[in-house]
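Q: I have a structure I would like to understand better, so I am pasting it below and will then ask my questions one at a time.
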Amino acid sequence: MNNSVAQPVGGYEFDGFMVDVRRRGVWRQDGTPVQLTARLFKTLLLFLEHPGELLDKDWLMARIWPGMDVGENSLSQIICSLRRALARNGRCYIQTESRHGFRFVCPVTVLPPLPLLQHGSSGRGDSEL
């Protein structure tokens with residue numbers, strides 16, 4: 001995991017999914033929302049922040065459940081639920097590396113943050129309403 005200076009991230013895109021970090025939401029390409037619990041969303045973000053990297057089980061558990069003592073079974077349940085939520089045409093985005101961890105195996109595009117609308121702005125460029 002690199003030590004470069006982090007740039008602000010607005011979201012991520014992968015294989016027809018859009019992830020909005022600020023709104024904490026995930027949508028399919030057709031606009032259908034993907035229902036994720038807060039813990040599943042947090043887990044997905046960890047994978048999207050480190051695409052293609054092998055994420056160690058202990059590393060994941062320490063970030064998903066900070067300060068809590070949980071077993072690998074809890075992590076397995078989270079991964080299974082995340083795979084099920086993202087299921088699409090038989091594709092599996094999270095690869096298991098036996099006895100080591102997991103890897104997100106789909107190309108990920110980092111999206112810049114969207115500008116916040118000013119109070120009272122319609123967002124359409126209309127100066128007179």
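Note on naming: chains are A, B, ... as they come in the structure tokens, residues start from 1 per chain, ligands start from 1 in the order shown.
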Give me every strand (DSSP E or B) residue in chain A, going by DSSP on the backbone, as a ChimeraX atom specification.
A: /A:11-14,17-20,25-28,33-34,54-56,88,91,94-97,101-104,109-111
Q: Could you dump the residues just selected with N, CA and C atoms as a compact mmCIF listing (two decimals), in the first residue's frame?
A:
# COMPACT_ATOMS: atom_id res chain seq x y z
N GLY A 11 -15.53 9.36 -5.55
CA GLY A 11 -16.15 8.05 -5.69
C GLY A 11 -15.30 7.13 -6.53
N TYR A 12 -15.92 6.03 -6.88
CA TYR A 12 -15.24 5.01 -7.68
C TYR A 12 -16.23 4.47 -8.70
N GLU A 13 -15.67 3.93 -9.77
CA GLU A 13 -16.47 3.28 -10.78
C GLU A 13 -15.79 1.97 -11.14
N PHE A 14 -16.59 0.90 -11.23
CA PHE A 14 -16.05 -0.38 -11.67
C PHE A 14 -17.16 -1.20 -12.30
N PHE A 17 -20.70 -0.16 -11.97
CA PHE A 17 -21.12 0.29 -10.64
C PHE A 17 -20.54 1.67 -10.37
N MET A 18 -21.32 2.51 -9.71
CA MET A 18 -20.86 3.83 -9.28
C MET A 18 -20.94 3.86 -7.76
N VAL A 19 -19.85 4.31 -7.13
CA VAL A 19 -19.79 4.40 -5.67
C VAL A 19 -19.55 5.86 -5.31
N ASP A 20 -20.46 6.44 -4.55
CA ASP A 20 -20.35 7.83 -4.09
C ASP A 20 -19.91 7.80 -2.64
N GLY A 25 -23.18 5.66 -1.00
CA GLY A 25 -24.11 4.86 -1.78
C GLY A 25 -23.45 4.18 -2.95
N VAL A 26 -24.10 3.12 -3.42
CA VAL A 26 -23.64 2.36 -4.58
C VAL A 26 -24.83 2.19 -5.51
N TRP A 27 -24.58 2.42 -6.81
CA TRP A 27 -25.63 2.26 -7.81
C TRP A 27 -25.11 1.45 -8.99
N ARG A 28 -26.00 0.68 -9.56
CA ARG A 28 -25.68 -0.03 -10.81
C ARG A 28 -25.79 0.98 -11.95
N PRO A 33 -30.18 1.29 -7.02
CA PRO A 33 -29.29 1.31 -5.85
C PRO A 33 -28.95 -0.10 -5.38
N VAL A 34 -27.74 -0.24 -4.87
CA VAL A 34 -27.29 -1.49 -4.26
C VAL A 34 -27.36 -1.28 -2.75
N LEU A 54 -3.44 -7.72 -2.58
CA LEU A 54 -3.84 -8.75 -1.64
C LEU A 54 -4.01 -8.08 -0.27
N LEU A 55 -5.23 -8.13 0.26
CA LEU A 55 -5.51 -7.55 1.56
C LEU A 55 -5.56 -8.68 2.59
N ASP A 56 -4.63 -8.64 3.50
CA ASP A 56 -4.50 -9.64 4.54
C ASP A 56 -5.75 -9.69 5.42
N ARG A 88 -23.46 -10.10 -10.37
CA ARG A 88 -23.85 -9.58 -11.68
C ARG A 88 -23.32 -10.51 -12.76
N ARG A 91 -20.27 -12.73 -12.31
CA ARG A 91 -18.94 -12.15 -12.06
C ARG A 91 -18.65 -12.12 -10.57
N ILE A 94 -14.35 -10.19 -5.91
CA ILE A 94 -13.45 -10.40 -4.78
C ILE A 94 -12.93 -11.82 -4.83
N GLN A 95 -11.64 -11.95 -5.02
CA GLN A 95 -10.97 -13.24 -5.13
C GLN A 95 -10.40 -13.64 -3.77
N THR A 96 -10.59 -14.90 -3.42
CA THR A 96 -10.03 -15.43 -2.18
C THR A 96 -8.64 -15.97 -2.44
N GLU A 97 -7.69 -15.57 -1.61
CA GLU A 97 -6.34 -16.12 -1.62
C GLU A 97 -6.25 -16.98 -0.36
N GLY A 101 -5.83 -13.92 2.39
CA GLY A 101 -6.70 -12.76 2.36
C GLY A 101 -7.54 -12.70 1.11
N PHE A 102 -7.82 -11.48 0.68
CA PHE A 102 -8.72 -11.27 -0.45
C PHE A 102 -8.16 -10.18 -1.36
N ARG A 103 -8.60 -10.23 -2.62
CA ARG A 103 -8.12 -9.28 -3.63
C ARG A 103 -9.31 -8.83 -4.48
N PHE A 104 -9.43 -7.52 -4.72
CA PHE A 104 -10.45 -6.98 -5.63
C PHE A 104 -9.88 -7.07 -7.03
N THR A 109 -11.87 2.84 -11.42
CA THR A 109 -11.60 4.23 -11.79
C THR A 109 -11.93 5.11 -10.59
N VAL A 110 -10.97 5.95 -10.19
CA VAL A 110 -11.19 6.90 -9.10
C VAL A 110 -11.84 8.14 -9.69
N LEU A 111 -12.93 8.58 -9.08
CA LEU A 111 -13.65 9.76 -9.55
C LEU A 111 -13.36 10.93 -8.62
Q: How would you write, as a ChimeraX atom specification, the set of residues in chain A that DSSP gives as alpha helix (DSSP H)?
A: /A:38-49,57-64,72-86
Q: Got a sec: who's within 12 Å of Asn73 of chain A, counting only C-alpha atoms, leaving out chain neighbours fewer than 5 positions off, as a PDB file with N, CA and C atoms, in the first residue's frame?
A:
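Now in result.pdb:
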ATOM      1  N   LYS A  57      -6.133 -10.894   5.839  1.00  0.00           N
ATOM      2  CA  LYS A  57      -7.327 -11.059   6.676  1.00  0.00           C
ATOM      3  C   LYS A  57      -7.244 -10.225   7.952  1.00  0.00           C
ATOM      4  N   MET A  61      -9.751  -7.214   9.076  1.00  0.00           N
ATOM      5  CA  MET A  61     -10.531  -7.279  10.314  1.00  0.00           C
ATOM      6  C   MET A  61     -10.238  -6.090  11.228  1.00  0.00           C
ATOM      7  N   ILE A  78     -18.948 -11.290   5.929  1.00  0.00           N
ATOM      8  CA  ILE A  78     -18.966  -9.971   5.287  1.00  0.00           C
ATOM      9  C   ILE A  78     -18.618 -10.100   3.799  1.00  0.00           C
ATOM     10  N   ILE A  79     -17.584 -10.866   3.500  1.00  0.00           N
ATOM     11  CA  ILE A  79     -17.157 -11.043   2.105  1.00  0.00           C
ATOM     12  C   ILE A  79     -18.262 -11.720   1.301  1.00  0.00           C
ATOM     13  N   CYS A  80     -18.876 -12.736   1.881  1.00  0.00           N
ATOM     14  CA  CYS A  80     -19.970 -13.450   1.216  1.00  0.00           C
ATOM     15  C   CYS A  80     -21.140 -12.498   0.935  1.00  0.00           C
TER      16      CYS A  80
END
Q: Could you pull the residues within 6 Å of Val21 of chain A, counting only C-alpha atoms, minus those fewer than 2 positions along the same chain, as a list of chain:residue names?
A: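 So the residues in contact are A:Gly10, A:Gly11, A:Arg23, A:Arg24.
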Q: Can I get the selection written as a compact mmCIF listing (two decimals), in the first residue's frame, with all heavy atoms?
A:
# COMPACT_ATOMS: atom_id res chain seq x y z
N GLY A 10 -14.01 11.44 -4.81
CA GLY A 10 -15.46 11.62 -4.79
C GLY A 10 -16.17 10.29 -4.86
O GLY A 10 -17.25 10.10 -4.32
N GLY A 11 -15.53 9.36 -5.55
CA GLY A 11 -16.15 8.05 -5.69
C GLY A 11 -15.30 7.13 -6.53
O GLY A 11 -14.14 7.42 -6.85
N ARG A 23 -21.96 10.39 -0.25
CA ARG A 23 -23.35 9.96 0.00
C ARG A 23 -23.42 8.53 0.53
O ARG A 23 -24.48 8.07 0.89
CB ARG A 23 -24.16 10.09 -1.28
CG ARG A 23 -24.37 11.53 -1.66
CD ARG A 23 -25.02 11.74 -3.01
NE ARG A 23 -26.23 10.97 -3.19
CZ ARG A 23 -26.80 10.77 -4.37
NH1 ARG A 23 -26.26 11.28 -5.46
NH2 ARG A 23 -27.90 10.06 -4.48
N ARG A 24 -22.27 7.86 0.54
CA ARG A 24 -22.16 6.48 1.03
C ARG A 24 -23.16 5.57 0.34
O ARG A 24 -23.90 4.83 0.98
CB ARG A 24 -22.31 6.44 2.55
CG ARG A 24 -21.25 7.28 3.26
CD ARG A 24 -21.14 7.05 4.73
NE ARG A 24 -20.73 5.73 5.13
CZ ARG A 24 -19.50 5.23 5.07
NH1 ARG A 24 -18.52 5.97 4.59
NH2 ARG A 24 -19.22 4.01 5.47
Q: Would you mind reading off the distance between atom CA of Ser81 of chain A and atom CA of Phe41 of chain A, one decimal, in Å?
A: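 Distance reported for this atom pair: 10.9 Å.
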